[in-house]
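Participant: Contents of work.txt (compact mmCIF, C-alpha atoms):
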# COMPACT_ATOMS: atom_id res chain seq x y z
CA MET A 1 -7.68 -9.05 48.74
CA GLU A 2 -10.73 -11.00 47.58
CA ALA A 3 -8.71 -12.17 44.61
CA PHE A 4 -5.98 -13.55 46.87
CA THR A 5 -8.55 -15.33 49.02
CA ALA A 6 -10.08 -16.79 45.90
CA PHE A 7 -6.68 -17.89 44.65
CA HIS A 8 -5.85 -19.63 47.90
CA THR A 9 -9.13 -21.48 47.66
CA LEU A 10 -8.21 -22.45 44.13
CA ARG A 11 -4.83 -23.81 45.26
CA THR A 12 -6.39 -26.74 47.02
CA GLY A 13 -8.29 -29.66 45.52
CA LYS A 14 -9.86 -30.08 42.13
CA HIS A 15 -12.07 -27.50 40.47
CA ASP A 16 -14.41 -27.63 37.52
CA VAL A 17 -12.97 -26.18 34.33
CA PRO A 18 -15.05 -23.14 33.27
CA GLN A 19 -17.70 -24.47 30.89
CA HIS A 20 -16.71 -22.48 27.79
CA ILE A 21 -13.14 -23.76 28.10
CA ALA A 22 -14.26 -27.35 28.64
CA ASP A 23 -16.53 -27.01 25.57
CA ALA A 24 -13.66 -25.67 23.44
CA HIS A 25 -11.45 -28.49 24.60
CA ALA A 26 -14.13 -31.04 23.71
CA VAL A 27 -14.27 -29.70 20.13
CA TYR A 28 -10.49 -29.81 19.91
CA ALA A 29 -10.27 -33.32 21.33
CA GLU A 30 -12.97 -34.62 18.98
CA ALA A 31 -11.22 -33.16 15.91
CA ALA A 32 -7.88 -34.51 17.09
CA ASP A 33 -9.29 -38.00 17.65
CA ALA A 34 -10.90 -37.94 14.20
CA ALA A 35 -7.60 -36.89 12.57
CA ILE A 36 -5.74 -39.65 14.34
CA MET A 37 -8.38 -42.22 13.35
CA ARG A 38 -8.22 -41.11 9.70
CA LEU A 39 -4.46 -41.50 9.73
CA HIS A 40 -4.73 -44.88 11.39
CA ASN A 41 -7.14 -46.14 8.72
CA SER A 42 -5.39 -44.68 5.68
CA GLN A 43 -1.65 -44.56 6.25
CA HIS A 44 -1.13 -47.88 4.44
CA MET A 45 -2.50 -46.14 1.31
CA HIS A 46 -1.47 -42.47 1.57
CA GLY A 47 0.07 -39.95 3.91
CA ALA A 48 -2.36 -37.06 3.52
CA TYR A 49 -3.43 -37.09 7.18
CA SER A 50 -0.04 -37.46 8.81
CA HIS A 51 0.50 -33.70 9.10
CA TYR A 52 -2.90 -33.17 10.77
CA ALA A 53 -2.51 -36.13 13.07
CA THR A 54 0.92 -34.91 14.13
CA LEU A 55 -0.59 -31.52 14.95
CA ALA A 56 -3.39 -33.21 16.84
CA ILE A 57 -1.21 -35.56 18.84
CA GLY A 58 1.50 -32.98 19.57
CA ASP A 59 2.80 -32.94 23.07
CA THR A 60 -0.03 -33.39 25.51
CA THR A 61 1.26 -30.71 27.85
CA ASP A 62 1.85 -28.27 24.99
CA TYR A 63 -1.56 -28.60 23.42
CA LEU A 64 -3.27 -27.89 26.74
CA LYS A 65 -1.36 -24.62 27.23
CA PRO A 66 -3.84 -22.40 25.35
CA PHE A 67 -6.61 -23.82 27.52
CA ALA A 68 -4.55 -22.96 30.62
CA LEU A 69 -4.19 -19.40 29.30
CA ALA A 70 -7.96 -19.24 28.86
CA VAL A 71 -8.33 -20.32 32.50
CA TYR A 72 -5.97 -17.50 33.58
CA GLU A 73 -8.03 -15.03 31.55
CA HIS A 74 -11.24 -16.39 33.09
CA TYR A 75 -9.94 -15.81 36.62
CA ALA A 76 -8.46 -12.41 35.76
CA ASN A 77 -11.93 -11.32 34.58
CA GLU A 78 -13.70 -12.97 37.53
CA TRP A 79 -11.38 -11.39 40.08
CA GLY A 80 -11.16 -8.05 38.30
CA VAL A 81 -7.35 -8.01 38.18
CA PRO A 82 -4.87 -7.64 35.29
CA TYR A 83 -4.13 -10.82 33.37
CA ALA A 84 -0.45 -10.75 34.40
CA TRP A 85 -1.41 -10.77 38.08
CA VAL A 86 -2.91 -14.23 37.59
CA ILE A 87 0.05 -15.41 35.50
CA ALA A 88 2.46 -14.21 38.20
CA LEU A 89 0.78 -16.13 41.00
CA PRO A 90 2.70 -19.21 42.15
CA GLY A 91 1.51 -22.32 40.41
CA PHE A 92 0.48 -23.58 37.01
CA VAL A 93 -2.94 -24.77 35.92
CA LYS A 94 -2.99 -28.49 35.21
CA PHE A 95 -5.91 -30.34 33.64
CA ASP A 96 -6.94 -33.93 33.62
CA ALA A 97 -6.80 -35.54 30.17
CA ALA A 98 -10.46 -34.77 29.45
CA CYS A 99 -10.07 -31.17 30.59
CA SER A 100 -12.97 -31.63 32.97
CA TYR A 101 -11.25 -30.40 36.12
CA LEU A 102 -8.19 -28.33 36.96
CA GLN A 103 -5.70 -28.23 39.77
CA ILE A 104 -2.97 -25.80 40.69
CA ASP A 105 0.48 -27.34 40.49
CA GLU A 106 3.07 -25.32 42.41
CA LYS A 107 6.06 -27.39 41.30
CA ASP A 108 8.90 -25.51 39.58
CA THR A 109 7.23 -22.15 40.02
CA PHE A 110 9.79 -19.46 39.25
CA ARG A 111 9.42 -15.96 40.56
CA PHE A 112 13.06 -15.10 41.37
CA ASP A 113 16.19 -16.81 40.07
CA GLU A 114 19.23 -17.74 42.19
CA ASP A 115 20.68 -14.24 41.64
CA GLY A 116 17.51 -12.61 42.91
CA ASN A 117 16.29 -11.46 39.49
CA ALA A 118 12.53 -11.31 39.18
CA SER A 119 10.73 -13.44 36.60
CA GLU A 120 9.23 -11.67 33.60
CA ALA A 121 5.78 -12.66 34.90
CA THR A 122 6.49 -10.74 38.11
CA TYR A 123 7.64 -7.74 36.08
CA ALA A 124 4.58 -8.01 33.81
CA ALA A 125 2.34 -7.97 36.90
CA PHE A 126 4.04 -4.72 37.92
CA ILE A 127 3.63 -3.17 34.45
CA GLU A 128 -0.02 -4.18 34.00
CA GLY A 129 -0.90 -3.11 37.55
CA LYS A 130 0.62 0.30 36.83
CA GLU A 131 -1.20 0.59 33.49
CA ALA A 132 -4.47 -0.23 35.26
CA GLY A 133 -3.76 2.40 37.92
CA LEU A 134 -3.82 -0.23 40.66
CA HIS A 135 -0.60 0.82 42.33
CA ASP A 136 1.53 3.93 42.64
CA ASP A 137 3.61 5.17 39.76
CA GLU A 138 6.93 3.98 41.20
CA ASP A 139 9.97 2.11 39.90
CA PHE A 140 10.15 -1.68 39.88
CA LEU A 141 11.98 -2.70 43.05
CA PHE A 142 13.67 -5.84 41.73
CA ALA A 143 16.31 -6.57 39.12
CA ARG A 144 15.43 -8.35 35.88
CA GLN A 145 17.53 -10.91 34.08
CA ASP A 146 20.01 -9.28 31.68
CA MET A 147 18.86 -11.44 28.79
CA ALA A 148 15.20 -10.47 29.34
CA LYS A 149 16.12 -6.78 29.53
CA SER A 150 18.21 -7.00 26.41
CA ILE A 151 15.46 -8.76 24.41
CA THR A 152 12.71 -6.31 25.39
CA SER A 153 15.01 -3.37 24.83
CA ALA A 154 15.88 -4.56 21.30
CA ILE A 155 12.18 -5.08 20.52
CA ALA A 156 11.33 -1.63 21.93
CA ASP A 157 14.01 0.01 19.75
CA SER A 158 12.83 -1.78 16.66
CA LEU A 159 9.18 -0.93 17.42
CA LYS A 160 10.08 2.73 17.95
CA GLU A 161 11.84 2.81 14.60
CA MET A 162 8.90 1.12 12.87
CA LEU A 163 6.43 3.58 14.46
CA ASN A 164 8.52 6.54 13.32
CA GLU A 165 8.80 5.16 9.80
CA ASN A 166 5.06 4.56 9.67
CA ASP A 167 4.00 7.82 11.32
CA MET A 168 2.12 5.90 14.01
CA THR A 169 1.78 6.24 17.76
CA LEU A 170 2.03 3.22 20.04
CA ASP A 171 -1.69 3.43 20.82
CA GLU A 172 -2.55 3.50 17.11
CA TRP A 173 -0.35 0.46 16.52
CA LYS A 174 -1.92 -1.48 19.41
CA LYS A 175 -5.43 -0.60 18.29
CA GLN A 176 -4.90 -2.28 14.91
CA ASN A 177 -5.44 -5.67 16.48
CA ASP A 178 -8.55 -4.96 18.50
CA GLY A 179 -10.63 -6.95 16.04
CA SER A 180 -13.32 -4.42 15.16
CA GLU A 181 -13.56 -2.40 11.96
CA ASP A 182 -13.55 1.39 12.18
CA TRP A 183 -14.97 1.63 8.66
CA SER A 184 -17.14 -1.11 7.19
CA PHE A 185 -18.91 -1.83 3.93
CA PRO A 186 -22.64 -0.98 3.96
CA ALA A 187 -24.69 -4.16 4.08
CA MET B 1 -2.32 17.32 22.32
CA ASN B 2 -0.03 20.31 22.62
CA GLN B 3 1.52 20.56 19.20
CA THR B 4 2.20 23.52 17.00
CA HIS B 5 1.70 23.41 13.27
CA TYR B 6 4.76 22.99 11.05
CA GLY B 7 3.83 26.36 9.55
CA VAL B 8 4.53 27.91 12.95
CA GLN B 9 7.39 25.61 14.04
CA MET B 10 9.49 26.05 10.89
CA ASP B 11 10.87 29.25 9.47
CA ALA B 12 9.26 30.39 6.23
CA ASP B 13 11.93 28.97 3.89
CA ASP B 14 12.01 25.57 5.57
CA TYR B 15 8.23 25.36 5.52
CA GLU B 16 8.14 26.30 1.86
CA GLU B 17 10.69 23.58 1.12
CA TRP B 18 8.73 21.07 3.19
CA LEU B 19 5.56 21.92 1.25
CA THR B 20 7.31 21.78 -2.13
CA LYS B 21 8.87 18.38 -1.49
CA ARG B 22 5.44 17.05 -0.61
CA GLU B 23 3.70 18.74 -3.52
CA LEU B 24 1.38 20.65 -1.21
CA SER B 25 -0.22 24.05 -1.37
CA ALA B 26 -0.03 26.05 1.86
CA VAL B 27 -3.74 26.81 1.63
CA ASP B 28 -5.31 23.51 0.52
CA ALA B 29 -6.06 20.50 2.70
CA THR B 30 -4.77 17.22 1.26
CA VAL B 31 -5.63 13.62 2.10
CA GLN B 32 -3.23 10.79 1.36
CA LEU B 33 -3.30 7.03 2.07
CA ARG B 34 -0.34 4.74 2.63
CA THR B 35 -0.16 1.98 0.05
CA LYS B 36 1.21 -0.69 2.39
CA ALA B 37 0.44 -0.02 6.03
CA ASN B 38 2.48 -1.91 8.55
CA GLY B 39 0.15 -4.15 10.52
CA GLY B 40 -2.61 -4.32 7.94
CA GLY B 41 -4.60 -1.21 8.83
CA LEU B 42 -5.17 1.79 6.59
CA HIS B 43 -2.90 4.72 7.37
CA MET B 44 -4.32 8.10 6.47
CA GLN B 45 -2.56 11.45 6.63
CA VAL B 46 -4.41 14.73 6.26
CA PHE B 47 -2.48 17.95 5.68
CA LEU B 48 -4.43 20.86 7.12
CA PRO B 49 -3.11 24.34 6.30
CA ASP B 50 -3.46 25.75 9.81
CA THR B 51 -5.09 23.13 12.05
CA VAL B 52 -3.45 20.59 14.32
CA ILE B 53 -5.59 17.59 15.27
CA ASN B 54 -2.96 15.06 16.39
CA ARG B 55 0.05 15.75 14.16
CA PRO B 56 2.03 18.94 13.51
CA TYR B 57 0.84 18.84 9.88
CA GLY B 58 -2.81 18.12 10.75
CA PHE B 59 -4.04 14.59 11.30
CA ALA B 60 -2.99 10.98 10.93
CA SER B 61 -4.39 7.71 12.13
CA VAL B 62 -4.56 4.02 11.36
CA PHE B 63 -8.00 2.57 10.72
CA SER B 64 -9.21 -1.01 10.71
CA VAL B 65 -10.93 -1.39 7.34
CA PRO B 66 -12.15 -4.18 5.06
CA SER B 67 -9.28 -6.05 3.39
CA GLU B 68 -10.55 -5.14 -0.11
CA LEU B 69 -9.52 -1.53 0.53
CA THR B 70 -6.05 -2.34 1.86
CA GLU B 71 -5.55 -4.81 -1.03
CA CYS B 72 -6.54 -2.12 -3.51
CA LEU B 73 -4.08 0.35 -1.95
CA ALA B 74 -1.33 -2.27 -1.82
CA SER B 75 -1.68 -2.75 -5.59
CA MET B 76 -1.10 0.95 -6.28
CA THR B 77 2.21 2.65 -6.98
CA PRO B 78 3.12 5.11 -4.22
CA GLU B 79 3.75 8.60 -5.55
CA PHE B 80 3.79 10.98 -2.63
CA MET B 81 6.10 11.58 0.29
CA SER B 82 4.95 11.06 3.86
CA PHE B 83 4.13 14.23 5.79
CA ALA B 84 6.21 12.77 8.63
CA SER B 85 9.28 11.42 6.83
CA PRO B 86 10.99 11.45 3.43
CA GLU B 87 9.50 8.06 2.52
CA ARG B 88 7.52 8.05 -0.71
CA VAL B 89 4.82 5.57 0.28
CA TYR B 90 1.48 7.34 -0.23
CA VAL B 91 -1.16 7.83 -2.89
CA ARG B 92 -3.71 10.62 -3.07
CA PRO B 93 -7.32 9.71 -3.79
CA HIS B 94 -9.01 11.86 -6.44
CA ARG B 95 -11.76 12.72 -4.00
CA VAL B 96 -12.61 12.02 -0.35
CA VAL B 97 -15.86 13.11 1.27
CA LEU B 98 -17.58 12.34 4.54
CA HIS B 99 -21.37 12.40 4.31
CA ARG B 100 -23.90 12.42 7.13
CA HIS B 101 -27.25 11.14 5.85
CA ASP B 102 -30.86 11.49 6.98
CA ASP B 103 -30.81 7.92 8.32
CA ASP B 104 -28.03 8.94 10.76
CA VAL B 105 -25.42 6.91 8.91
CA THR B 106 -22.07 8.56 8.25
CA GLN B 107 -20.30 7.37 5.12
CA LEU B 108 -16.81 7.97 3.86
CA ILE B 109 -16.59 7.97 0.07
CA ILE B 110 -13.16 7.53 -1.47
CA HIS B 111 -12.62 7.85 -5.22
CA ILE B 112 -9.37 6.00 -5.23
CA GLY B 113 -8.26 7.11 -8.66
CA SER B 114 -8.69 4.17 -11.01
CA ASP B 115 -11.18 4.14 -13.91
CA ASN B 116 -12.98 1.12 -12.51
CA ASN B 117 -16.44 2.32 -11.49
CA THR B 118 -17.30 -0.70 -9.37
CA VAL B 119 -17.69 -0.21 -5.63
CA ASN B 120 -15.95 -1.92 -2.71
CA THR B 121 -13.88 -4.61 -4.38
CA ALA B 122 -10.10 -4.95 -4.36
CA THR B 123 -9.99 -3.53 -7.90
CA SER B 124 -12.68 -0.87 -7.49
CA GLY B 125 -12.24 2.81 -8.16
CA ILE B 126 -14.78 3.81 -5.53
CA PHE B 127 -15.11 2.81 -1.89
CA VAL B 128 -18.14 3.61 0.24
CA LEU B 129 -17.67 2.89 3.92
CA ASN B 130 -19.90 3.25 6.93
CA VAL B 131 -18.04 5.10 9.66
CA ASP B 132 -18.83 4.13 13.24
CA MET B 133 -19.05 7.56 14.84
CA SER B 134 -19.22 6.06 18.35
CA LYS B 135 -15.50 5.30 18.05
CA THR B 136 -13.05 7.89 19.34
CA ILE B 137 -10.74 7.35 16.36
CA ASN B 138 -13.54 8.38 13.98
CA GLY B 139 -14.09 11.52 16.02
CA GLY B 140 -10.56 12.52 14.96
CA LEU B 141 -11.41 11.67 11.34
CA PHE B 142 -14.54 13.83 11.55
CA ASP B 143 -12.54 16.75 12.99
CA ALA B 144 -9.90 16.42 10.28
CA LEU B 145 -12.29 16.10 7.35
CA SER B 146 -14.44 18.92 8.69
CA ALA B 147 -11.33 21.11 8.88
CA ALA B 148 -10.52 19.98 5.33
CA ASP B 149 -14.01 21.15 4.34
CA VAL B 150 -15.08 17.78 2.90
CA TYR B 151 -17.76 16.95 5.48
CA GLN B 152 -21.34 17.45 4.34
CA GLU B 153 -24.78 16.75 5.70
CA VAL B 154 -26.74 15.43 2.75
CA SER B 155 -30.39 14.69 2.29
CA GLY B 156 -31.57 11.19 1.61
CA ASP B 157 -30.58 7.84 3.04
CA SER B 158 -27.08 6.42 2.99
CA TRP B 159 -25.85 4.31 0.08
CA THR B 160 -26.39 0.58 0.27
CA PRO B 161 -25.40 -2.02 -2.34
CA GLY B 162 -27.98 -2.45 -5.08
CA VAL B 163 -29.66 0.87 -4.40
CA THR B 164 -28.83 3.87 -6.56
CA GLU B 165 -28.50 7.11 -4.66
Could you quickly redo this structure as structure tokens?
Facilitator:
Amino acid sequence: MEAFTAFHTLRTGKHDVPQHIADAHAVYAEAADAAIMRLHNSQHMHGAYSHYATLAIGDTTDYLKPFALAVYEHYANEWGVPYAWVIALPGFVKFDAACSYLQIDEKDTFRFDEDGNASEATYAAFIEGKEAGLHDDEDFLFARQDMAKSITSAIADSLKEMLNENDMTLDEWKKQNDGSEDWSFPA
Amino acid sequence: MNQTHYGVQMDADDYEEWLTKRELSAVDATVQLRTKANGGGLHMQVFLPDTVINRPYGFASVFSVPSELTECLASMTPEFMSFASPERVYVRPHRVVLHRHDDDVTQLIIHIGSDNNTVNTATSGIFVLNVDMSKTINGGLFDALSAADVYQEVSGDSWTPGVTE
């Protein structure tokens, strides 16, 4: 309940971007500006920087998306709820150009389509809540879009086949990407 | 994990055939490593004659390890069949031991099989790895290698680069 209260507070007005995210954005913006400046000053002689400048310029809404995800993670940790619960809440994080403050934009929020199918974010909130033991072990009450079901089902089949071929369990496969070495070289 | 050993699950002829195809003796533990593990980790299988850790043949797990070791394995020609499928994607190190030293460091020593006597490079014949025993996954490794009778408590400090044991 505290998380919902906090979210409703977040829905109104402007809020400071968590410092570590603002700092990361500042590094990104500085590198992007430098790449663009290098291109600007050299493109009459060579094209070496065009690739980097294109990456840096990108689409302004696209390049901010990872920072929005970091904000979702920040609030998931702060509120002590699964990540998907934050993603499933109505509204998207929007930043100002300098990434100094954020607002919640509730435009175009999709939780159910016109046929009453739940969004994948809503379904993910159900799955992650169940995995975290935060609600009863019951079936999902809503329908999912056929296309979404078919994609996840195909991926699940292919993953199952890969696990069998590799003599791995799902937990062993997931653990591979946890970022820490089980065995390390002596220093 | 409620599993029964293949030696119990299968009838005697089937088990004998299973062992023969995998070039195993019914009484000797055997360690094998996958040459190209899917996902980049190191996949180890341990055949244990009569012990089930987490597989009906003994033990298997995927470990996050330095890339030099997975590169070394990836360069090797697989010779042995998986204990879980008919795929021939494994190699067997000449020697694997797990040592617990006086300085409380546990080290896994793998003599991979090549003649190169250098340690811990992608072309080395010997790998010495510190094993973080606080990790659950390494508890399984300890159980398996103890059952395989290759765990030893040894006197002296653990090996470090530049210091001869």
Participant: One number please: CA of Phe142 in chain A to CA of Asn117 in chain A, in Å, one decimal.
Facilitator: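 According to the coordinates, CA of Phe142 in chain A and CA of Asn117 in chain A are separated by 6.6 Å.
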Participant: Could you list, as a PyMOL selection string, the residues of chain A having an atom within 12 Å of chain B when counting only C-alpha atoms?
Facilitator: chain A and resi 159+161-187
Participant: Output C-alpha atoms for every residue in the selection just made, as a short mmCIF file (atom, residue, chain, number, x, y, z; two decimals), keeping the file's coordinate frame.
Facilitator:
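Ended up saving to out_30.cif:
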data_model
loop_
_atom_site.label_atom_id
_atom_site.label_comp_id
_atom_site.auth_asym_id
_atom_site.auth_seq_id
_atom_site.Cartn_x
_atom_site.Cartn_y
_atom_site.Cartn_z
CA LEU A 159 9.18 -0.93 17.42
CA GLU A 161 11.84 2.81 14.60
CA MET A 162 8.90 1.12 12.87
CA LEU A 163 6.43 3.58 14.46
CA ASN A 164 8.52 6.54 13.32
CA GLU A 165 8.80 5.16 9.80
CA ASN A 166 5.06 4.56 9.67
CA ASP A 167 4.00 7.82 11.32
CA MET A 168 2.12 5.90 14.01
CA THR A 169 1.78 6.24 17.76
CA LEU A 170 2.03 3.22 20.04
CA ASP A 171 -1.69 3.43 20.82
CA GLU A 172 -2.55 3.50 17.11
CA TRP A 173 -0.35 0.46 16.52
CA LYS A 174 -1.92 -1.48 19.41
CA LYS A 175 -5.43 -0.60 18.29
CA GLN A 176 -4.90 -2.28 14.91
CA ASN A 177 -5.44 -5.67 16.48
CA ASP A 178 -8.55 -4.96 18.50
CA GLY A 179 -10.63 -6.95 16.04
CA SER A 180 -13.32 -4.42 15.16
CA GLU A 181 -13.56 -2.40 11.96
CA ASP A 182 -13.55 1.39 12.18
CA TRP A 183 -14.97 1.63 8.66
CA SER A 184 -17.14 -1.11 7.19
CA PHE A 185 -18.91 -1.83 3.93
CA PRO A 186 -22.64 -0.98 3.96
CA ALA A 187 -24.69 -4.16 4.08
#
Participant: Anything within 9 Å of (-6.0, 23.3, 2.1): list those residues as a PyMOL selection string, counting all atoms listed in the file and sticking to the file's coordinates.
Facilitator: chain B and resi 24-30+47-50+147-149
Participant: Near Ile87 in chain A, within 8 Å and counting only C-alpha atoms, which residues show up once chain neighbours fewer than 6 positions away are dropped, as a PyMOL selection string?
Facilitator: chain A and resi 72+121+125
Participant: Just to confirm, what's the straight-line distance from CA of Ala98 in chain A to CA of Gln43 in chain A in Å (one decimal)?
Facilitator: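 Here the two named atoms are 26.7 Å from each other.
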Participant: Neighbouring residues of Ala22 in chain A were defined as those with any atom within 9 Å, considering all atoms listed in the file; residues of the same chain fewer than 3 positions away were excluded. Please report them as a list in words.
Facilitator: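 Answer for this query is Asp16, Val17, Pro18, Gln19, His25, Ala26, Val27, Phe67, Ala98, Cys99, Ser100 and Tyr101 of chain A.
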Participant: Expressed in Å to a single decimal, how great is the separation between CA of Asp104 in chain B and CA of Ile126 in chain B?
Facilitator: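 Straight-line distance from CA of Asp104 in chain B to CA of Ile126 in chain B works out to 21.6 Å.
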Participant: Using all atoms listed in the file, which of B:Met76, B:Val46, B:Ala12, B:Leu19 sits nearest Ala122 in chain B?
Facilitator: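 Looking only at the distances to Ala122 in chain B, the closest residue turns out to be B:Met76.
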Participant: Name all residues at most 7 Å from Asp157 in chain B (count only C-alpha atoms; drop same-chain ones fewer than 2 positions away) and give them as a PyMOL selection string.
Facilitator: chain B and resi 101-103+155+159
Participant: Write out as a list of chain:residue names the residues lying within 12 Å of His5 in chain B, counting all atoms listed in the file and excluding same-chain residues fewer than 3 positions away.
Facilitator: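 Everything that qualifies: B:Met1, B:Asn2, B:Val8, B:Gln9, B:Met10, B:Asp11, B:Tyr15, B:Ala26, B:Phe47, B:Leu48, B:Pro49, B:Asp50, B:Thr51, B:Val52, B:Ile53, B:Asn54, B:Arg55, B:Pro56, B:Tyr57, B:Gly58, B:Phe59.
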Participant: Using all atoms listed in the file, determine which residues lie at most 12 Å from Tyr49 in chain A, disregarding the query and same-chain residues fewer than 5 positions distant; provide the list as a ChimeraX atom specification.
Facilitator: /A:32,34-44,54-57
Participant: For Cys72 in chain B, which of B:Ser146, B:Thr35, B:Val154, B:Asp115 is the closest residue, counting all atoms listed in the file?
Facilitator: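 That would be B:Thr35, the residue with the smallest distance to Cys72 in chain B.
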Participant: Fix up range 60-83 of chain A with N, CA and C atoms, then write it as an mmCIF file, keeping the file's coordinate frame.
Facilitator:
data_model
loop_
_atom_site.group_PDB
_atom_site.id
_atom_site.type_symbol
_atom_site.label_atom_id
_atom_site.label_comp_id
_atom_site.auth_asym_id
_atom_site.auth_seq_id
_atom_site.Cartn_x
_atom_site.Cartn_y
_atom_site.Cartn_z
ATOM 1 N N THR A 60 1.217 -33.578 24.764
ATOM 2 C CA THR A 60 -0.030 -33.390 25.510
ATOM 3 C C THR A 60 0.027 -32.170 26.426
ATOM 4 N N THR A 61 1.210 -31.874 26.969
ATOM 5 C CA THR A 61 1.260 -30.710 27.850
ATOM 6 C C THR A 61 1.232 -29.416 27.033
ATOM 7 N N ASP A 62 1.843 -29.472 25.821
ATOM 8 C CA ASP A 62 1.850 -28.270 24.990
ATOM 9 C C ASP A 62 0.451 -27.920 24.496
ATOM 10 N N TYR A 63 -0.282 -28.939 24.041
ATOM 11 C CA TYR A 63 -1.560 -28.600 23.420
ATOM 12 C C TYR A 63 -2.567 -28.100 24.441
ATOM 13 N N LEU A 64 -2.347 -28.389 25.718
ATOM 14 C CA LEU A 64 -3.270 -27.890 26.740
ATOM 15 C C LEU A 64 -2.941 -26.454 27.165
ATOM 16 N N LYS A 65 -1.770 -25.952 26.749
ATOM 17 C CA LYS A 65 -1.360 -24.620 27.230
ATOM 18 C C LYS A 65 -2.354 -23.502 26.884
ATOM 19 N N PRO A 66 -2.869 -23.473 25.631
ATOM 20 C CA PRO A 66 -3.840 -22.400 25.350
ATOM 21 C C PRO A 66 -5.071 -22.474 26.259
ATOM 22 N N PHE A 67 -5.450 -23.694 26.637
ATOM 23 C CA PHE A 67 -6.610 -23.820 27.520
ATOM 24 C C PHE A 67 -6.257 -23.305 28.923
ATOM 25 N N ALA A 68 -5.001 -23.515 29.331
ATOM 26 C CA ALA A 68 -4.550 -22.960 30.620
ATOM 27 C C ALA A 68 -4.589 -21.439 30.576
ATOM 28 N N LEU A 69 -4.164 -20.861 29.427
ATOM 29 C CA LEU A 69 -4.190 -19.400 29.300
ATOM 30 C C LEU A 69 -5.623 -18.878 29.387
ATOM 31 N N ALA A 70 -6.545 -19.646 28.793
ATOM 32 C CA ALA A 70 -7.960 -19.240 28.860
ATOM 33 C C ALA A 70 -8.459 -19.286 30.311
ATOM 34 N N VAL A 71 -7.947 -20.258 31.080
ATOM 35 C CA VAL A 71 -8.330 -20.320 32.500
ATOM 36 C C VAL A 71 -7.785 -19.083 33.235
ATOM 37 N N TYR A 72 -6.539 -18.701 32.946
ATOM 38 C CA TYR A 72 -5.970 -17.500 33.580
ATOM 39 C C TYR A 72 -6.823 -16.270 33.248
ATOM 40 N N GLU A 73 -7.224 -16.180 31.969
ATOM 41 C CA GLU A 73 -8.030 -15.030 31.550
ATOM 42 C C GLU A 73 -9.385 -15.045 32.280
ATOM 43 N N HIS A 74 -9.953 -16.248 32.393
ATOM 44 C CA HIS A 74 -11.240 -16.390 33.090
ATOM 45 C C HIS A 74 -11.135 -15.858 34.519
ATOM 46 N N TYR A 75 -10.066 -16.250 35.227
ATOM 47 C CA TYR A 75 -9.940 -15.810 36.620
ATOM 48 C C TYR A 75 -9.562 -14.325 36.708
ATOM 49 N N ALA A 76 -8.788 -13.848 35.755
ATOM 50 C CA ALA A 76 -8.460 -12.410 35.760
ATOM 51 C C ALA A 76 -9.748 -11.595 35.643
ATOM 52 N N ASN A 77 -10.651 -12.038 34.749
ATOM 53 C CA ASN A 77 -11.930 -11.320 34.580
ATOM 54 C C ASN A 77 -12.791 -11.478 35.823
ATOM 55 N N GLU A 78 -12.842 -12.711 36.362
ATOM 56 C CA GLU A 78 -13.700 -12.970 37.530
ATOM 57 C C GLU A 78 -13.230 -12.176 38.747
ATOM 58 N N TRP A 79 -11.922 -12.078 38.902
ATOM 59 C CA TRP A 79 -11.380 -11.390 40.080
ATOM 60 C C TRP A 79 -11.170 -9.899 39.838
ATOM 61 N N GLY A 80 -11.319 -9.475 38.602
ATOM 62 C CA GLY A 80 -11.160 -8.050 38.300
ATOM 63 C C GLY A 80 -9.725 -7.567 38.455
ATOM 64 N N VAL A 81 -8.763 -8.401 38.074
ATOM 65 C CA VAL A 81 -7.350 -8.010 38.180
ATOM 66 C C VAL A 81 -6.697 -8.154 36.809
ATOM 67 N N PRO A 82 -5.561 -7.484 36.587
ATOM 68 C CA PRO A 82 -4.870 -7.640 35.290
ATOM 69 C C PRO A 82 -4.491 -9.100 35.058
ATOM 70 N N TYR A 83 -4.467 -9.451 33.796
ATOM 71 C CA TYR A 83 -4.130 -10.820 33.370
ATOM 72 C C TYR A 83 -2.782 -11.258 33.967
#
